[in-house]
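Enquirer: Input structure: query-v3.tsv, which contains TSV, C-alpha atoms.
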chain	number	residue	atom	x	y	z
A	1485	MET	CA	0.00	0.00	0.00
A	1486	ALA	CA	1.22	3.46	-0.91
A	1487	ARG	CA	-0.11	6.73	0.39
A	1488	VAL	CA	-0.66	9.44	-2.16
A	1489	VAL	CA	-1.75	13.05	-1.75
A	1490	VAL	CA	-3.59	14.91	-4.49
A	1491	ASP	CA	-4.04	18.65	-4.01
A	1492	VAL	CA	-6.57	20.39	-6.24
A	1493	MET	CA	-6.53	24.19	-6.46
A	1494	PRO	CA	-8.37	26.76	-8.55
A	1495	LYS	CA	-6.15	27.90	-11.42
A	1496	PRO	CA	-4.38	31.22	-10.77
A	1497	GLU	CA	-6.53	33.05	-13.31
A	1498	ILE	CA	-9.76	31.76	-11.73
A	1499	LEU	CA	-11.41	33.86	-9.02
A	1500	ASP	CA	-11.64	32.08	-5.68
A	1501	PRO	CA	-14.48	33.68	-3.69
A	1502	GLN	CA	-14.17	31.07	-0.93
A	1503	GLY	CA	-10.52	31.93	-0.36
A	1504	GLN	CA	-11.26	35.65	-0.58
A	1505	ALA	CA	-13.97	35.27	2.07
A	1506	VAL	CA	-11.52	33.51	4.38
A	1507	ALA	CA	-8.88	36.19	3.82
A	1508	GLY	CA	-11.43	38.94	4.50
A	1509	ALA	CA	-12.69	37.24	7.65
A	1510	LEU	CA	-9.16	36.77	9.01
A	1511	GLY	CA	-8.50	40.46	8.45
A	1512	ARG	CA	-11.63	41.46	10.34
A	1513	LEU	CA	-10.67	39.08	13.15
A	1514	GLY	CA	-7.39	40.91	13.62
A	1515	PHE	CA	-4.96	38.75	11.64
A	1516	SER	CA	-3.60	41.63	9.62
A	1517	GLY	CA	-0.60	39.75	8.25
A	1518	VAL	CA	-2.58	37.51	5.90
A	1519	ALA	CA	-2.46	39.00	2.43
A	1520	ALA	CA	-4.27	36.32	0.44
A	1521	VAL	CA	-5.90	32.92	0.82
A	1522	ARG	CA	-6.78	30.40	-1.82
A	1523	GLN	CA	-8.81	27.33	-0.97
A	1524	GLY	CA	-8.77	23.98	-2.67
A	1525	LYS	CA	-9.23	20.32	-1.97
A	1526	HIS	CA	-6.87	17.82	-0.41
A	1527	PHE	CA	-7.25	14.11	-1.08
A	1528	GLU	CA	-5.36	11.30	0.64
A	1529	LEU	CA	-5.48	8.02	-1.25
A	1530	GLU	CA	-4.37	4.57	-0.22
A	1531	VAL	CA	-3.41	2.74	-3.38
A	1532	ASP	CA	-1.87	-0.60	-4.25
A	1533	ASP	CA	1.85	-0.53	-4.92
A	1534	ASP	CA	1.31	-1.35	-8.59
A	1535	VAL	CA	-0.66	1.86	-9.22
A	1536	ASP	CA	1.81	3.96	-11.18
A	1537	ASP	CA	2.09	7.71	-11.66
A	1538	GLU	CA	0.28	7.58	-14.99
A	1539	VAL	CA	-2.82	6.06	-13.38
A	1540	LEU	CA	-2.63	8.58	-10.54
A	1541	ALA	CA	-2.48	11.43	-13.07
A	1542	GLU	CA	-5.51	9.99	-14.86
A	1543	ILE	CA	-7.44	9.84	-11.58
A	1544	ALA	CA	-6.46	13.38	-10.58
A	1545	GLU	CA	-7.07	14.95	-14.00
A	1546	GLY	CA	-10.22	13.05	-14.80
A	1547	PHE	CA	-12.04	12.63	-11.52
A	1548	LEU	CA	-10.65	14.64	-8.63
A	1549	ALA	CA	-10.12	17.93	-10.46
A	1550	ASN	CA	-12.10	19.86	-13.01
A	1551	PRO	CA	-9.26	20.64	-15.43
A	1552	VAL	CA	-11.15	23.58	-16.95
A	1553	ILE	CA	-10.82	25.61	-13.76
A	1554	GLU	CA	-8.55	23.61	-11.46
A	1555	GLN	CA	-4.97	22.44	-11.38
A	1556	TRP	CA	-3.71	19.50	-9.39
A	1557	THR	CA	-0.53	18.02	-7.96
A	1558	VAL	CA	0.20	14.43	-7.02
A	1559	ARG	CA	2.72	13.56	-4.33
A	1560	ARG	CA	3.64	10.23	-2.80
A	1561	LEU	CA	4.11	10.15	0.96
A	1562	ASP	CA	7.02	8.19	2.37
A	1563	SER	CA	6.07	5.61	4.94
B	508	MET	CA	5.88	37.45	1.95
B	509	ALA	CA	5.87	33.81	2.92
B	510	ARG	CA	3.71	31.09	1.43
B	511	VAL	CA	2.06	28.73	3.84
B	512	VAL	CA	-0.02	25.62	3.25
B	513	VAL	CA	-2.65	24.47	5.73
B	514	ASP	CA	-4.18	21.05	5.14
B	515	VAL	CA	-7.34	20.23	7.04
B	516	MET	CA	-8.52	16.62	7.21
B	517	PRO	CA	-11.28	14.78	9.04
B	518	LYS	CA	-9.85	13.04	12.11
B	519	PRO	CA	-9.15	9.33	11.58
B	520	GLU	CA	-12.04	8.30	13.85
B	521	ILE	CA	-14.51	10.50	11.94
B	522	LEU	CA	-16.40	8.99	9.03
B	523	ASP	CA	-15.71	10.70	5.71
B	524	PRO	CA	-18.67	10.03	3.40
B	525	GLN	CA	-17.25	12.36	0.73
B	526	GLY	CA	-14.02	10.38	0.55
B	527	GLN	CA	-15.89	7.09	0.63
B	528	ALA	CA	-18.04	8.24	-2.29
B	529	VAL	CA	-14.93	9.11	-4.29
B	530	ALA	CA	-13.34	5.74	-3.48
B	531	GLY	CA	-16.51	3.92	-4.50
B	532	ALA	CA	-16.83	5.86	-7.73
B	533	LEU	CA	-13.20	5.20	-8.68
B	534	GLY	CA	-13.79	1.49	-8.12
B	535	ARG	CA	-16.84	1.49	-10.36
B	536	LEU	CA	-14.89	3.39	-13.01
B	537	GLY	CA	-12.30	0.62	-13.13
B	538	PHE	CA	-9.56	1.95	-10.88
B	539	SER	CA	-9.41	-1.16	-8.75
B	540	GLY	CA	-6.13	-0.28	-7.04
B	541	VAL	CA	-7.57	2.50	-4.87
B	542	ALA	CA	-8.31	1.10	-1.42
B	543	ALA	CA	-9.39	4.25	0.39
B	544	VAL	CA	-9.82	7.97	-0.11
B	545	ARG	CA	-10.19	10.70	2.46
B	546	GLN	CA	-11.04	14.23	1.44
B	547	GLY	CA	-10.16	17.44	3.19
B	548	LYS	CA	-9.38	21.05	2.51
B	549	HIS	CA	-6.19	22.65	1.26
B	550	PHE	CA	-5.48	26.32	1.97
B	551	GLU	CA	-2.63	28.36	0.51
B	552	LEU	CA	-1.93	31.56	2.43
B	553	GLU	CA	0.31	34.47	1.62
B	554	VAL	CA	1.42	35.96	4.89
B	555	ASP	CA	3.82	38.67	5.99
B	556	ASP	CA	7.24	37.46	7.05
B	557	ASP	CA	6.57	38.45	10.67
B	558	VAL	CA	3.65	36.04	11.01
B	559	ASP	CA	5.11	33.31	13.19
B	560	ASP	CA	4.17	29.67	13.62
B	561	GLU	CA	2.11	30.41	16.73
B	562	VAL	CA	-0.15	32.78	14.83
B	563	LEU	CA	-0.44	30.29	11.98
B	564	ALA	CA	-1.46	27.57	14.44
B	565	GLU	CA	-4.08	29.92	15.90
B	566	ILE	CA	-5.49	30.60	12.43
B	567	ALA	CA	-5.54	26.92	11.50
B	568	GLU	CA	-7.00	25.68	14.78
B	569	GLY	CA	-9.48	28.49	15.28
B	570	PHE	CA	-10.69	29.37	11.82
B	571	LEU	CA	-9.68	26.99	9.06
B	572	ALA	CA	-10.40	23.73	10.87
B	573	ASN	CA	-13.16	22.56	13.16
B	574	PRO	CA	-10.99	20.98	15.87
B	575	VAL	CA	-13.86	18.82	17.11
B	576	ILE	CA	-13.82	16.73	13.94
B	577	GLU	CA	-10.80	17.88	11.95
B	578	GLN	CA	-7.04	17.87	12.30
B	579	TRP	CA	-4.69	20.24	10.50
B	580	THR	CA	-1.10	20.62	9.47
B	581	VAL	CA	0.80	23.80	8.67
B	582	ARG	CA	3.73	23.78	6.30
B	583	ARG	CA	5.81	26.66	4.96
B	584	LEU	CA	6.71	26.53	1.27
B	585	ASP	CA	10.23	27.45	0.28
B	586	SER	CA	10.47	30.22	-2.29
Take the structure in this file and express it as structure tokens.
Expert:
Amino acid sequence: MARVVVDVMPKPEILDPQGQAVAGALGRLGFSGVAAVRQGKHFELEVDDDVDDEVLAEIAEGFLANPVIEQWTVRRLDS
Amino acid sequence: MARVVVDVMPKPEILDPQGQAVAGALGRLGFSGVAAVRQGKHFELEVDDDVDDEVLAEIAEGFLANPVIEQWTVRRLDS
């Protein structure tokens, strides 16, 4: 079993109202040092050892992210 | 400016129906090698250099995560 992390974020050119709301709220709560927040999704997968990077890319691109508006990264965790 | 990542995940003892739905769907789509999926949130913050780890922990624990059901990690990105 391998542990894999897929992070899915809105593309830089896409507005992120959720992240903006968080940044605004933190400012109002007194955390003045936070200039910007972007919010995305974080997936942790347990996969068989024979699942290669190509399959992981297919899963991330096709099913975890919406590639029109989101970008993704895949990272294997040591363990 | 420093870039900081906060990952928020459901605690291990908390059911994660969203992640289970993703795992089930991947299985039905033919990705048989995926044993489990857990889904959480991924935040990317741009913060002033004088924002220290204590403040980041306060932000993560108090505002980005619900500490009753979620755990969080804070990680600074090099750049």
Enquirer: Counting only C-alpha atoms, collect the residues of chain B whose closest atom lies at most 8 Å from chain A, and write them out as a VMD selection string.
Expert: chain B and resid 514 to 516 526 533 540 to 555 557 to 558 566
Enquirer: What is the distance, in Å and to one decimal place, between CA of Asp585 in chain B and CA of Glu568 in chain B?
Expert: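 Separation between CA of Asp585 in chain B and CA of Glu568 in chain B: 22.6 Å.
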Enquirer: All in-order C-alpha pairs, least squares, chain A moved onto chain B. Output the fitted coordinates as a PDB file with C-alpha atoms, in the coordinates of the input, please.
Expert:
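Resulting contents of part16.pdb:
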ATOM      1  CA  MET A1485       5.881  37.448   1.951  1.00  0.00           C
ATOM      2  CA  ALA A1486       5.855  33.797   2.928  1.00  0.00           C
ATOM      3  CA  ARG A1487       3.728  31.080   1.429  1.00  0.00           C
ATOM      4  CA  VAL A1488       2.082  28.720   3.852  1.00  0.00           C
ATOM      5  CA  VAL A1489      -0.023  25.622   3.258  1.00  0.00           C
ATOM      6  CA  VAL A1490      -2.643  24.474   5.742  1.00  0.00           C
ATOM      7  CA  ASP A1491      -4.177  21.052   5.147  1.00  0.00           C
ATOM      8  CA  VAL A1492      -7.355  20.224   7.050  1.00  0.00           C
ATOM      9  CA  MET A1493      -8.523  16.604   7.204  1.00  0.00           C
ATOM     10  CA  PRO A1494     -11.292  14.771   9.030  1.00  0.00           C
ATOM     11  CA  LYS A1495      -9.870  13.047  12.108  1.00  0.00           C
ATOM     12  CA  PRO A1496      -9.159   9.331  11.599  1.00  0.00           C
ATOM     13  CA  GLU A1497     -12.040   8.305  13.850  1.00  0.00           C
ATOM     14  CA  ILE A1498     -14.512  10.507  11.944  1.00  0.00           C
ATOM     15  CA  LEU A1499     -16.421   8.978   9.030  1.00  0.00           C
ATOM     16  CA  ASP A1500     -15.712  10.682   5.718  1.00  0.00           C
ATOM     17  CA  PRO A1501     -18.669  10.010   3.395  1.00  0.00           C
ATOM     18  CA  GLN A1502     -17.258  12.346   0.735  1.00  0.00           C
ATOM     19  CA  GLY A1503     -14.016  10.383   0.559  1.00  0.00           C
ATOM     20  CA  GLN A1504     -15.896   7.082   0.628  1.00  0.00           C
ATOM     21  CA  ALA A1505     -18.040   8.240  -2.300  1.00  0.00           C
ATOM     22  CA  VAL A1506     -14.924   9.110  -4.291  1.00  0.00           C
ATOM     23  CA  ALA A1507     -13.327   5.752  -3.489  1.00  0.00           C
ATOM     24  CA  GLY A1508     -16.513   3.920  -4.498  1.00  0.00           C
ATOM     25  CA  ALA A1509     -16.823   5.872  -7.738  1.00  0.00           C
ATOM     26  CA  LEU A1510     -13.194   5.198  -8.688  1.00  0.00           C
ATOM     27  CA  GLY A1511     -13.781   1.496  -8.125  1.00  0.00           C
ATOM     28  CA  ARG A1512     -16.835   1.486 -10.369  1.00  0.00           C
ATOM     29  CA  LEU A1513     -14.876   3.400 -13.011  1.00  0.00           C
ATOM     30  CA  GLY A1514     -12.297   0.633 -13.147  1.00  0.00           C
ATOM     31  CA  PHE A1515      -9.552   1.964 -10.870  1.00  0.00           C
ATOM     32  CA  SER A1516      -9.389  -1.160  -8.763  1.00  0.00           C
ATOM     33  CA  GLY A1517      -6.125  -0.283  -7.034  1.00  0.00           C
ATOM     34  CA  VAL A1518      -7.559   2.503  -4.879  1.00  0.00           C
ATOM     35  CA  ALA A1519      -8.296   1.110  -1.445  1.00  0.00           C
ATOM     36  CA  ALA A1520      -9.393   4.254   0.380  1.00  0.00           C
ATOM     37  CA  VAL A1521      -9.832   7.985  -0.117  1.00  0.00           C
ATOM     38  CA  ARG A1522     -10.173  10.700   2.454  1.00  0.00           C
ATOM     39  CA  GLN A1523     -11.040  14.234   1.439  1.00  0.00           C
ATOM     40  CA  GLY A1524     -10.150  17.434   3.193  1.00  0.00           C
ATOM     41  CA  LYS A1525      -9.368  21.043   2.513  1.00  0.00           C
ATOM     42  CA  HIS A1526      -6.190  22.658   1.271  1.00  0.00           C
ATOM     43  CA  PHE A1527      -5.469  26.313   1.961  1.00  0.00           C
ATOM     44  CA  GLU A1528      -2.620  28.366   0.514  1.00  0.00           C
ATOM     45  CA  LEU A1529      -1.924  31.553   2.438  1.00  0.00           C
ATOM     46  CA  GLU A1530       0.311  34.468   1.600  1.00  0.00           C
ATOM     47  CA  VAL A1531       1.434  35.964   4.880  1.00  0.00           C
ATOM     48  CA  ASP A1532       3.829  38.674   5.976  1.00  0.00           C
ATOM     49  CA  ASP A1533       7.244  37.462   7.055  1.00  0.00           C
ATOM     50  CA  ASP A1534       6.581  38.474  10.656  1.00  0.00           C
ATOM     51  CA  VAL A1535       3.653  36.047  11.005  1.00  0.00           C
ATOM     52  CA  ASP A1536       5.113  33.318  13.189  1.00  0.00           C
ATOM     53  CA  ASP A1537       4.158  29.675  13.629  1.00  0.00           C
ATOM     54  CA  GLU A1538       2.119  30.420  16.739  1.00  0.00           C
ATOM     55  CA  VAL A1539      -0.155  32.800  14.822  1.00  0.00           C
ATOM     56  CA  LEU A1540      -0.443  30.297  11.975  1.00  0.00           C
ATOM     57  CA  ALA A1541      -1.469  27.586  14.454  1.00  0.00           C
ATOM     58  CA  GLU A1542      -4.081  29.928  15.922  1.00  0.00           C
ATOM     59  CA  ILE A1543      -5.491  30.613  12.451  1.00  0.00           C
ATOM     60  CA  ALA A1544      -5.555  26.927  11.502  1.00  0.00           C
ATOM     61  CA  GLU A1545      -7.000  25.685  14.804  1.00  0.00           C
ATOM     62  CA  GLY A1546      -9.471  28.484  15.283  1.00  0.00           C
ATOM     63  CA  PHE A1547     -10.693  29.391  11.829  1.00  0.00           C
ATOM     64  CA  LEU A1548      -9.684  26.999   9.075  1.00  0.00           C
ATOM     65  CA  ALA A1549     -10.411  23.739  10.893  1.00  0.00           C
ATOM     66  CA  ASN A1550     -13.164  22.566  13.171  1.00  0.00           C
ATOM     67  CA  PRO A1551     -10.995  20.984  15.878  1.00  0.00           C
ATOM     68  CA  VAL A1552     -13.862  18.804  17.125  1.00  0.00           C
ATOM     69  CA  ILE A1553     -13.827  16.717  13.955  1.00  0.00           C
ATOM     70  CA  GLU A1554     -10.806  17.871  11.958  1.00  0.00           C
ATOM     71  CA  GLN A1555      -7.054  17.868  12.298  1.00  0.00           C
ATOM     72  CA  TRP A1556      -4.729  20.236  10.514  1.00  0.00           C
ATOM     73  CA  THR A1557      -1.108  20.628   9.474  1.00  0.00           C
ATOM     74  CA  VAL A1558       0.802  23.796   8.687  1.00  0.00           C
ATOM     75  CA  ARG A1559       3.750  23.792   6.310  1.00  0.00           C
ATOM     76  CA  ARG A1560       5.824  26.644   4.952  1.00  0.00           C
ATOM     77  CA  LEU A1561       6.712  26.508   1.270  1.00  0.00           C
ATOM     78  CA  ASP A1562      10.225  27.441   0.228  1.00  0.00           C
ATOM     79  CA  SER A1563      10.416  30.143  -2.384  1.00  0.00           C
TER      80      SER A1563
END
Enquirer: Can you measure CA of Glu577 in chain B to CA of Glu1554 in chain A for me? One decimal in Å is fine.
Expert: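 CA of Glu1554 in chain A lies at a distance of 24.2 Å from CA of Glu577 in chain B.
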